[in-house]
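Q: Starting off with a structure, shown below.
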Amino acid sequence: MEKFTTHTGVGVPLRRSNVDTDQIIPAVYLKRVTRTGFEDGLFAAWRGDDDFVLNNPAYAGASVLVAGPDFGTGSSREHAVWALMDYGFKVVISSRFADIFRGNSGKAGLVAAQVDEKVVQRLWAVLEDQPGANITVDLEARTVSAGVGEGRVEDSFDIDDYTRWRLLEGLDDIGITLGHEEDIAAYEATRPSFKPVTM
Amino acid sequence: MGRTLAEKVWDEHVVRSTPGEPDLLYIDLHLIHEVTSPQAFDGLRLGGRQVRRPDLTLATEDHNVPTLDWDKPIADPVSRTQVETLRRNAEEFGVRLHPLGDIDQGIVHVVGPQLGLTQPGMTIVCGDSHTSTHGAFGAIAFGIGTSEVEHVLATQTLMQAKPKTMAVTVNGSLPDGVTAKDLVLNLIAHTGTGGGQGYIVEYRGQAIQELSMESRMTICNMSIEWGAKAGMIAPDQTTFDYIEGRPEAPRGADWDAAVEHWKSLRTDDDATFDKEIVLDASTMTPFVTWGTNPGQGVPLGANVPSPDDFEDASDKLACENALSYMGLQAGTPMREVRVDTVFVGSCTNGRIEDLRLAAEVIEGRTVAEGTRLLVVPGSVRVRLQAEEEGLDVIFKEAGAEWRGAGCSMCLGMNPDTLSPGERSASTSNRNFEGRQGKGGRTHLVSVPVAAATAVRGTLSSPADLD
């Protein structure tokens, strides 16, 4: 996984709450067995609509998505995170993320930055007022900033310490866990015999 | 200080705990299906890693499988490749697989409990959010992403921050004709889709204790629809009776030791939850959704709401969007909403008890003209049991389609999909935009409501048929 310290890129306002993972990528795109190339499925149903915000050329090359509350609810599909990343997103900002989506983001290297609902509203205002404006997300300082002058937004975001550390270091979870092999083996030796096995 | 059920099961599985880090949690059972596993197996190959415990891993084919012509090769080449990839991976890594055509094939969350592999006090994960189903047995069970699937395959553990605990206490008894599905839809309308976020929820109280295991599974299945990490129900005699004698259940001295341990898996009297919700089952009525998330529901006897009914600006907008997508007018009685397709099935409501309930309503009646009824058993064994009881004949005589086992129209990865604008009453778990097919419109309902709706052609309960 690539290290993530700070990122500045075009922000895009997605004025929707409850963006579930079926909206992020419909099930029909999940039949592939590859790990990349899911950008065509991102928001597939909405992208057919010319008025959909990602179709606005002013937001071309966007890499920071600012969405309403309860982003990533529903299905556990990590393809939702892959589709966002394959499209070019490095960060999603929302006031509330579904647990599985947030977990998947941390594993795959997408920053899920949780901010106060008011911060989302203010970021939307900046991005709609100045389409194509950049947002800076500083993982080290846990801050988001965008805009200039009176409407400038500068605030903190939440991300758990462990995920932040792993993203900053670009660490692979499995490698870390395999370092605890002795603990795992010791635990296994204590499992009761009535626990079921599949073979 | 006492502990909750969730805390007891959690504590029993901690391999390693360090301040400032998530716990390293041991996983007792890892369930696999074809959609969320191929990239995980690829990752193992790339890293030169093995499956640590194939004997704690079980795979089935469910999401992509056709429910017609299941004895022939899968027609859709992309679906076929995904299923064949699972078969190759299972063989290469030595994982037990129940493929299409096998008597134990079916939806992964129906198969686990049916085999007796799902037991109290376990940790169970699967790359599927409805893994919460298994919590009905007093297990901690939750859905994971593909990176975590790879992590469990390689290490049989997961790094997890300990969630908070919540009690949902449901007092009183459910009235006749009101099911576990109505109860949970009612709850989600009350909490919203994010209300359970960060919590392992324990469902308790008289109404929960009175439920069968299959109904308890329906409740726990939908835990994810209000954002909970997992849902659990303390094991009791109903649980033990369900498990005893199943193929993978403990036997002899192991059974006695297991039951003794399982009996300790209940929340201590002096334990405290981080949050508590109390509901009264006795006033509940059949509940249906009108919108595009499972929290947008009302009693069947109510009307389609209006954006003006909501105070919060984002709820107003969500209501407007949902009404427009669903093609509904505010103020229309839910009972007047015409339905094109009725789907009975899924990991929420595709077990034998569900099919019996549906057959009871359908028997001697016919499916309304212009409406189709699809009945899809959750597993091959559910299908065979239903056929032994003659339920298939009741469905077919009423004009319903009797299908093979799989996830089917719950998410339409196989050919069972809605067309744009087509409206369904579905016993599944998600009414998201396009979930059952692009442009499809879904109303989540209980099994009796689904069956009665098929007969009348508009959203109905069995009471409307008399």
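Chain identifiers are assigned as A, B, and so on, following the order in which chains appear in the structure tokens; residues are numbered from 1 within each chain, and ligands are numbered from 1 in order of appearance.
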Give me, as a list in words, the residues of range 87-147 of chain A that a backbone DSSP run labels strand (DSSP E).

A: Val91, Val92, Ile93, Ser94, Val111, Ala112, Ala113, Gln114, Asn134, Ile135, Thr136, Val137, Asp138, Thr143, Val144, Ser145 and Ala146 of chain A

Q: Keeping only C-alpha atoms, take the residues you just selected and write them out as a CSV table (one decimal), in the first residue's frame.

A:
chain,number,residue,atom,x,y,z
A,91,VAL,CA,-10.3,10.8,0.0
A,92,VAL,CA,-14.0,10.7,0.8
A,93,ILE,CA,-15.3,13.2,3.3
A,94,SER,CA,-18.6,12.6,5.1
A,111,VAL,CA,-8.9,8.0,3.4
A,112,ALA,CA,-12.4,8.1,4.9
A,113,ALA,CA,-12.3,11.5,6.7
A,114,GLN,CA,-15.2,12.0,9.1
A,134,ASN,CA,-9.1,22.1,-4.4
A,135,ILE,CA,-9.4,20.5,-1.0
A,136,THR,CA,-6.3,19.7,1.0
A,137,VAL,CA,-6.5,16.7,3.3
A,138,ASP,CA,-3.6,16.5,5.7
A,143,THR,CA,-7.2,18.7,8.9
A,144,VAL,CA,-9.3,19.5,5.8
A,145,SER,CA,-9.1,22.9,4.1
A,146,ALA,CA,-10.6,24.5,1.0

Q: What are the DSSP alpha helix (DSSP H) residues of range 243-426 of chain B, as a ChimeraX atom specification?

A: /B:243,252-263,313-326,346-349,352-362,380-388,391-398

Q: Next, dump the selected residues to file, keeping only C-alpha atoms, as a tab-separated table (two decimals), in the first residue's frame.

A:
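Generated file (result07.tsv):
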chain	number	residue	atom	x	y	z
B	243	ILE	CA	-28.63	-27.37	16.64
B	252	GLY	CA	-21.64	-37.18	22.96
B	253	ALA	CA	-19.40	-35.64	25.60
B	254	ASP	CA	-18.63	-32.71	23.30
B	255	TRP	CA	-22.35	-31.90	23.12
B	256	ASP	CA	-22.65	-31.84	26.91
B	257	ALA	CA	-19.55	-29.67	27.27
B	258	ALA	CA	-20.77	-27.35	24.55
B	259	VAL	CA	-24.25	-26.90	26.06
B	260	GLU	CA	-22.79	-26.27	29.48
B	261	HIS	CA	-20.62	-23.53	28.02
B	262	TRP	CA	-23.41	-22.10	25.86
B	263	LYS	CA	-25.62	-21.71	28.93
B	313	ALA	CA	-33.42	19.02	5.45
B	314	SER	CA	-31.48	15.94	4.40
B	315	ASP	CA	-34.46	13.67	5.27
B	316	LYS	CA	-36.76	15.92	3.20
B	317	LEU	CA	-34.42	15.67	0.22
B	318	ALA	CA	-34.05	11.91	0.70
B	319	CYS	CA	-37.86	11.58	0.71
B	320	GLU	CA	-38.20	13.67	-2.46
B	321	ASN	CA	-35.53	11.60	-4.23
B	322	ALA	CA	-37.09	8.34	-3.06
B	323	LEU	CA	-40.64	9.26	-4.14
B	324	SER	CA	-39.36	10.28	-7.54
B	325	TYR	CA	-37.33	7.08	-7.96
B	326	MET	CA	-40.15	4.89	-6.66
B	346	SER	CA	-33.12	-14.53	0.28
B	347	CYS	CA	-31.01	-14.99	3.42
B	348	THR	CA	-33.61	-12.86	5.20
B	349	ASN	CA	-36.69	-14.94	4.42
B	352	ILE	CA	-38.43	-23.52	5.32
B	353	GLU	CA	-40.53	-21.66	7.90
B	354	ASP	CA	-40.85	-18.77	5.43
B	355	LEU	CA	-41.96	-21.04	2.61
B	356	ARG	CA	-44.52	-22.69	4.89
B	357	LEU	CA	-45.92	-19.28	5.85
B	358	ALA	CA	-46.14	-18.24	2.20
B	359	ALA	CA	-47.81	-21.52	1.21
B	360	GLU	CA	-50.34	-21.17	4.00
B	361	VAL	CA	-51.52	-17.84	2.56
B	362	ILE	CA	-51.35	-18.94	-1.09
B	380	VAL	CA	-31.17	-27.07	-1.90
B	381	ARG	CA	-32.17	-28.72	1.36
B	382	VAL	CA	-34.87	-26.10	1.92
B	383	ARG	CA	-36.11	-26.79	-1.61
B	384	LEU	CA	-36.18	-30.55	-1.05
B	385	GLN	CA	-37.91	-30.19	2.32
B	386	ALA	CA	-40.55	-27.92	0.76
B	387	GLU	CA	-41.10	-30.42	-2.05
B	388	GLU	CA	-41.46	-33.23	0.46
B	391	LEU	CA	-45.36	-26.72	-0.86
B	392	ASP	CA	-44.02	-26.55	-4.42
B	393	VAL	CA	-47.36	-27.93	-5.67
B	394	ILE	CA	-49.28	-25.27	-3.73
B	395	PHE	CA	-47.12	-22.53	-5.27
B	396	LYS	CA	-47.29	-23.90	-8.79
B	397	GLU	CA	-51.06	-24.45	-8.65
B	398	ALA	CA	-51.46	-20.82	-7.61

Q: From the list A:Asp86, A:Asp50, A:Glu78, A:Asp160, which residue is nearest chain B when using only C-alpha atoms?

A: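 The shortest atom-to-atom distance to chain B comes from A:Glu78.
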
Q: Calculated over only C-alpha atoms, which of the candidates B:Thr272, B:Thr123, B:Ser212, B:Thr193 has the smallest distance to chain A?

A: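 Among the listed residues, B:Thr193 lies closest to chain A.
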
Q: Just the residues within 10 Å of Ala133 in chain A, please, counting only C-alpha atoms, with nothing from its chain fewer than 2 positions along; format it as an mmCIF file with N, CA and C atoms, in the first residue's frame.

A:
data_model
loop_
_atom_site.group_PDB
_atom_site.id
_atom_site.type_symbol
_atom_site.label_atom_id
_atom_site.label_comp_id
_atom_site.auth_asym_id
_atom_site.auth_seq_id
_atom_site.Cartn_x
_atom_site.Cartn_y
_atom_site.Cartn_z
ATOM 1 N N GLY A 9 -6.407 18.071 -4.018
ATOM 2 C CA GLY A 9 -7.008 17.760 -5.311
ATOM 3 C C GLY A 9 -8.391 18.363 -5.424
ATOM 4 N N VAL A 10 -8.959 18.267 -6.625
ATOM 5 C CA VAL A 10 -10.275 18.852 -6.899
ATOM 6 C C VAL A 10 -11.341 18.136 -6.063
ATOM 7 N N GLY A 11 -12.151 18.916 -5.385
ATOM 8 C CA GLY A 11 -13.228 18.359 -4.581
ATOM 9 C C GLY A 11 -14.526 18.353 -5.360
ATOM 10 N N VAL A 12 -15.358 17.328 -5.110
ATOM 11 C CA VAL A 12 -16.639 17.263 -5.804
ATOM 12 C C VAL A 12 -17.756 17.076 -4.773
ATOM 13 N N ALA A 58 -16.431 20.886 -14.950
ATOM 14 C CA ALA A 58 -15.721 21.722 -13.975
ATOM 15 C C ALA A 58 -15.052 20.884 -12.886
ATOM 16 N N TYR A 59 -15.591 19.682 -12.656
ATOM 17 C CA TYR A 59 -15.037 18.833 -11.598
ATOM 18 C C TYR A 59 -14.137 17.725 -12.158
ATOM 19 N N ALA A 62 -11.449 15.071 -10.418
ATOM 20 C CA ALA A 62 -11.693 15.184 -8.972
ATOM 21 C C ALA A 62 -11.050 14.025 -8.219
ATOM 22 N N VAL A 126 -18.379 25.891 -0.800
ATOM 23 C CA VAL A 126 -17.144 26.295 -1.494
ATOM 24 C C VAL A 126 -17.085 25.652 -2.876
ATOM 25 N N LEU A 127 -17.353 24.341 -2.928
ATOM 26 C CA LEU A 127 -17.180 23.600 -4.186
ATOM 27 C C LEU A 127 -18.220 23.995 -5.226
ATOM 28 N N GLU A 128 -19.420 24.399 -4.771
ATOM 29 C CA GLU A 128 -20.457 24.810 -5.723
ATOM 30 C C GLU A 128 -20.256 26.256 -6.152
ATOM 31 N N ASP A 129 -19.679 27.039 -5.251
ATOM 32 C CA ASP A 129 -19.402 28.439 -5.539
ATOM 33 C C ASP A 129 -18.215 28.560 -6.499
ATOM 34 N N GLN A 130 -17.226 27.725 -6.278
ATOM 35 C CA GLN A 130 -16.021 27.744 -7.135
ATOM 36 C C GLN A 130 -15.746 26.334 -7.651
ATOM 37 N N PRO A 131 -16.549 25.874 -8.635
ATOM 38 C CA PRO A 131 -16.354 24.511 -9.136
ATOM 39 C C PRO A 131 -14.909 24.318 -9.593
ATOM 40 N N ILE A 135 -9.345 20.789 -2.483
ATOM 41 C CA ILE A 135 -9.435 20.536 -1.045
ATOM 42 C C ILE A 135 -8.099 19.923 -0.649
ATOM 43 N N ALA A 146 -10.181 24.185 2.401
ATOM 44 C CA ALA A 146 -10.588 24.505 1.029
ATOM 45 C C ALA A 146 -11.033 25.956 0.972
ATOM 46 N N GLY A 147 -10.919 26.571 -0.220
ATOM 47 C CA GLY A 147 -11.447 27.919 -0.447
ATOM 48 C C GLY A 147 -10.513 29.005 0.048
ATOM 49 N N VAL A 148 -10.901 30.234 -0.298
ATOM 50 C CA VAL A 148 -10.117 31.399 0.116
ATOM 51 C C VAL A 148 -11.065 32.447 0.687
#

Q: Which one is closest to Asp172 in chain A: A:Leu84, A:His79, A:Lys107, A:Phe43? Count only C-alpha atoms.

A: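 Selected residue with least distance to Asp172 in chain A: A:Lys107.
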
Q: What separation in Å, quoted to one decimal, exists between CA of Arg372 in chain B and CA of Gly406 in chain B?

A: 18.5 Å

Q: Select all residues from chain A having any atom no more than 8 Å from an atom of chain B (counting only C-alpha atoms, ignoring ligands), output as a PyMOL selection string.

A: chain A and resi 16-18+20+22-23+26-28+30-35+45+70+73-78+98-100+103-104+107-108+161-162+173-174+177-178+183-184+187+193-199

Q: Those same residues - C-alpha atoms - I'd like them written as an mmCIF file, in the first residue's frame.

A:
data_model
loop_
_atom_site.group_PDB
_atom_site.id
_atom_site.type_symbol
_atom_site.label_atom_id
_atom_site.label_comp_id
_atom_site.auth_asym_id
_atom_site.auth_seq_id
_atom_site.Cartn_x
_atom_site.Cartn_y
_atom_site.Cartn_z
ATOM 1 C CA ARG A 16 -26.895 12.853 -1.189
ATOM 2 C CA SER A 17 -27.344 11.062 2.113
ATOM 3 C CA ASN A 18 -27.380 7.272 2.479
ATOM 4 C CA ASP A 20 -25.189 2.829 -0.260
ATOM 5 C CA ASP A 22 -25.149 -0.593 -4.460
ATOM 6 C CA GLN A 23 -25.169 3.045 -5.673
ATOM 7 C CA PRO A 26 -24.077 -1.978 -8.749
ATOM 8 C CA ALA A 27 -23.841 -5.754 -8.266
ATOM 9 C CA VAL A 28 -23.604 -6.421 -11.982
ATOM 10 C CA LEU A 30 -18.966 -7.384 -9.145
ATOM 11 C CA LYS A 31 -18.697 -10.436 -11.360
ATOM 12 C CA ARG A 32 -15.118 -9.692 -12.298
ATOM 13 C CA VAL A 33 -12.324 -11.607 -10.674
ATOM 14 C CA THR A 34 -9.708 -8.859 -11.094
ATOM 15 C CA ARG A 35 -8.635 -6.295 -8.508
ATOM 16 C CA ALA A 45 -26.840 4.413 -12.543
ATOM 17 C CA ASP A 70 -24.284 7.543 6.052
ATOM 18 C CA THR A 73 -24.084 1.695 3.876
ATOM 19 C CA GLY A 74 -25.271 -1.756 2.847
ATOM 20 C CA SER A 75 -23.279 -4.454 1.121
ATOM 21 C CA SER A 76 -19.746 -5.281 2.295
ATOM 22 C CA ARG A 77 -18.374 -5.135 -1.261
ATOM 23 C CA GLU A 78 -14.835 -3.728 -1.177
ATOM 24 C CA ALA A 98 -20.912 2.803 7.489
ATOM 25 C CA ASP A 99 -18.538 0.587 9.498
ATOM 26 C CA ILE A 100 -17.665 -1.946 6.815
ATOM 27 C CA GLY A 103 -12.854 -0.587 7.367
ATOM 28 C CA ASN A 104 -12.486 -1.464 3.701
ATOM 29 C CA LYS A 107 -7.374 -1.585 4.177
ATOM 30 C CA ALA A 108 -7.292 -0.471 0.544
ATOM 31 C CA ASP A 161 -5.313 6.317 15.335
ATOM 32 C CA TYR A 162 -4.447 2.860 14.117
ATOM 33 C CA ASP A 173 -2.079 -5.779 7.725
ATOM 34 C CA ILE A 174 -1.362 -9.405 6.974
ATOM 35 C CA THR A 177 -0.471 -10.058 11.943
ATOM 36 C CA LEU A 178 1.867 -12.800 10.779
ATOM 37 C CA ASP A 183 0.285 -15.691 19.839
ATOM 38 C CA ILE A 184 -2.058 -17.184 17.257
ATOM 39 C CA TYR A 187 -4.476 -19.318 21.227
ATOM 40 C CA SER A 193 -12.704 -29.626 21.260
ATOM 41 C CA PHE A 194 -16.450 -29.013 20.801
ATOM 42 C CA LYS A 195 -15.805 -26.173 18.349
ATOM 43 C CA PRO A 196 -16.883 -27.304 14.882
ATOM 44 C CA VAL A 197 -14.621 -27.981 11.905
ATOM 45 C CA THR A 198 -15.591 -28.154 8.253
ATOM 46 C CA MET A 199 -13.542 -31.214 7.404
#

Q: Show me, as a list in words, the residues that have an atom within 10 Å of Glu2 in chain A when counting only C-alpha atoms, minus same-chain residues fewer than 2 positions from it.

A: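 Counting only C-alpha atoms, the residues come to Phe4, Thr5, Ala108, Gly109, Leu167, Leu168, Glu169, Gly170, Leu171 and Asp172 of chain A.
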
Q: Name the residues in contact with Ser95 in chain A at a cut-off of 7 Å, using only C-alpha atoms, excluding same-chain residues fewer than 6 positions from it; report them as an mmCIF file with N, CA and C atoms, in the first residue's frame.

A:
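Wrote out.cif, looks like this:
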data_model
loop_
_atom_site.group_PDB
_atom_site.id
_atom_site.type_symbol
_atom_site.label_atom_id
_atom_site.label_comp_id
_atom_site.auth_asym_id
_atom_site.auth_seq_id
_atom_site.Cartn_x
_atom_site.Cartn_y
_atom_site.Cartn_z
ATOM 1 N N GLY A 68 -22.945 13.346 1.664
ATOM 2 C CA GLY A 68 -23.855 13.472 2.804
ATOM 3 C C GLY A 68 -23.671 12.330 3.794
ATOM 4 N N PRO A 69 -24.463 12.354 4.896
ATOM 5 C CA PRO A 69 -24.275 11.365 5.960
ATOM 6 C C PRO A 69 -24.612 9.938 5.528
ATOM 7 N N GLN A 114 -13.911 11.702 8.496
ATOM 8 C CA GLN A 114 -15.205 12.031 9.087
ATOM 9 C C GLN A 114 -15.160 13.419 9.702
ATOM 10 N N VAL A 115 -16.091 14.263 9.259
ATOM 11 C CA VAL A 115 -16.145 15.643 9.752
ATOM 12 C C VAL A 115 -17.537 15.937 10.283
ATOM 13 N N ASP A 116 -17.676 17.058 10.946
ATOM 14 C CA ASP A 116 -18.981 17.489 11.404
ATOM 15 C C ASP A 116 -19.864 17.802 10.194
ATOM 16 N N GLU A 117 -21.172 17.532 10.333
ATOM 17 C CA GLU A 117 -22.134 17.797 9.245
ATOM 18 C C GLU A 117 -22.016 19.242 8.729
ATOM 19 N N VAL A 120 -19.309 19.598 6.184
ATOM 20 C CA VAL A 120 -19.745 19.113 4.864
ATOM 21 C C VAL A 120 -20.517 20.221 4.149
#

Q: I'd like the neighbourhood of Ala189 in chain B as a list in words, where a residue qualifies if any of its atoms comes within 7 Å (using only C-alpha atoms), though same-chain residues fewer than 3 positions away should be ignored.

A: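 Listing them by chain and then by number gives Leu185, Asn186, Gly192, Gly295, Gln296 and Gly297 of chain B.
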
Q: Could you give me, as a list in words, the residues within 10 Å of Leu100 in chain B, counting only C-alpha atoms and dropping anything in the same chain fewer than 5 positions from it?

A: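 Answer for this query is Thr60, Glu61, Asp62, Val65, Pro66, Trp70, Asp71, Lys72, Pro73, Ile74, Val83, Gln105, Gly106, Val380, Gly404, Ala405 and Gly406 of chain B.
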
Q: What's the separation between CA of Leu459 in chain B and CA of Gly440 in chain B, in Å to one decimal place?

A: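 About the pair CA of Leu459 in chain B and CA of Gly440 in chain B: they are 16.4 Å apart.
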
Q: Between A:Glu150, A:Glu39, A:Glu182, A:Asp49, single out the one closest to Val81 in chain A, counting only C-alpha atoms.

A: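 For Val81 in chain A, the nearest of the candidates is A:Glu39.
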
Q: Can you measure CA of Ala230 in chain B to CA of Leu42 in chain A for me? One decimal in Å is fine.

A: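 Separation of CA of Ala230 in chain B and CA of Leu42 in chain A: 27.5 Å.
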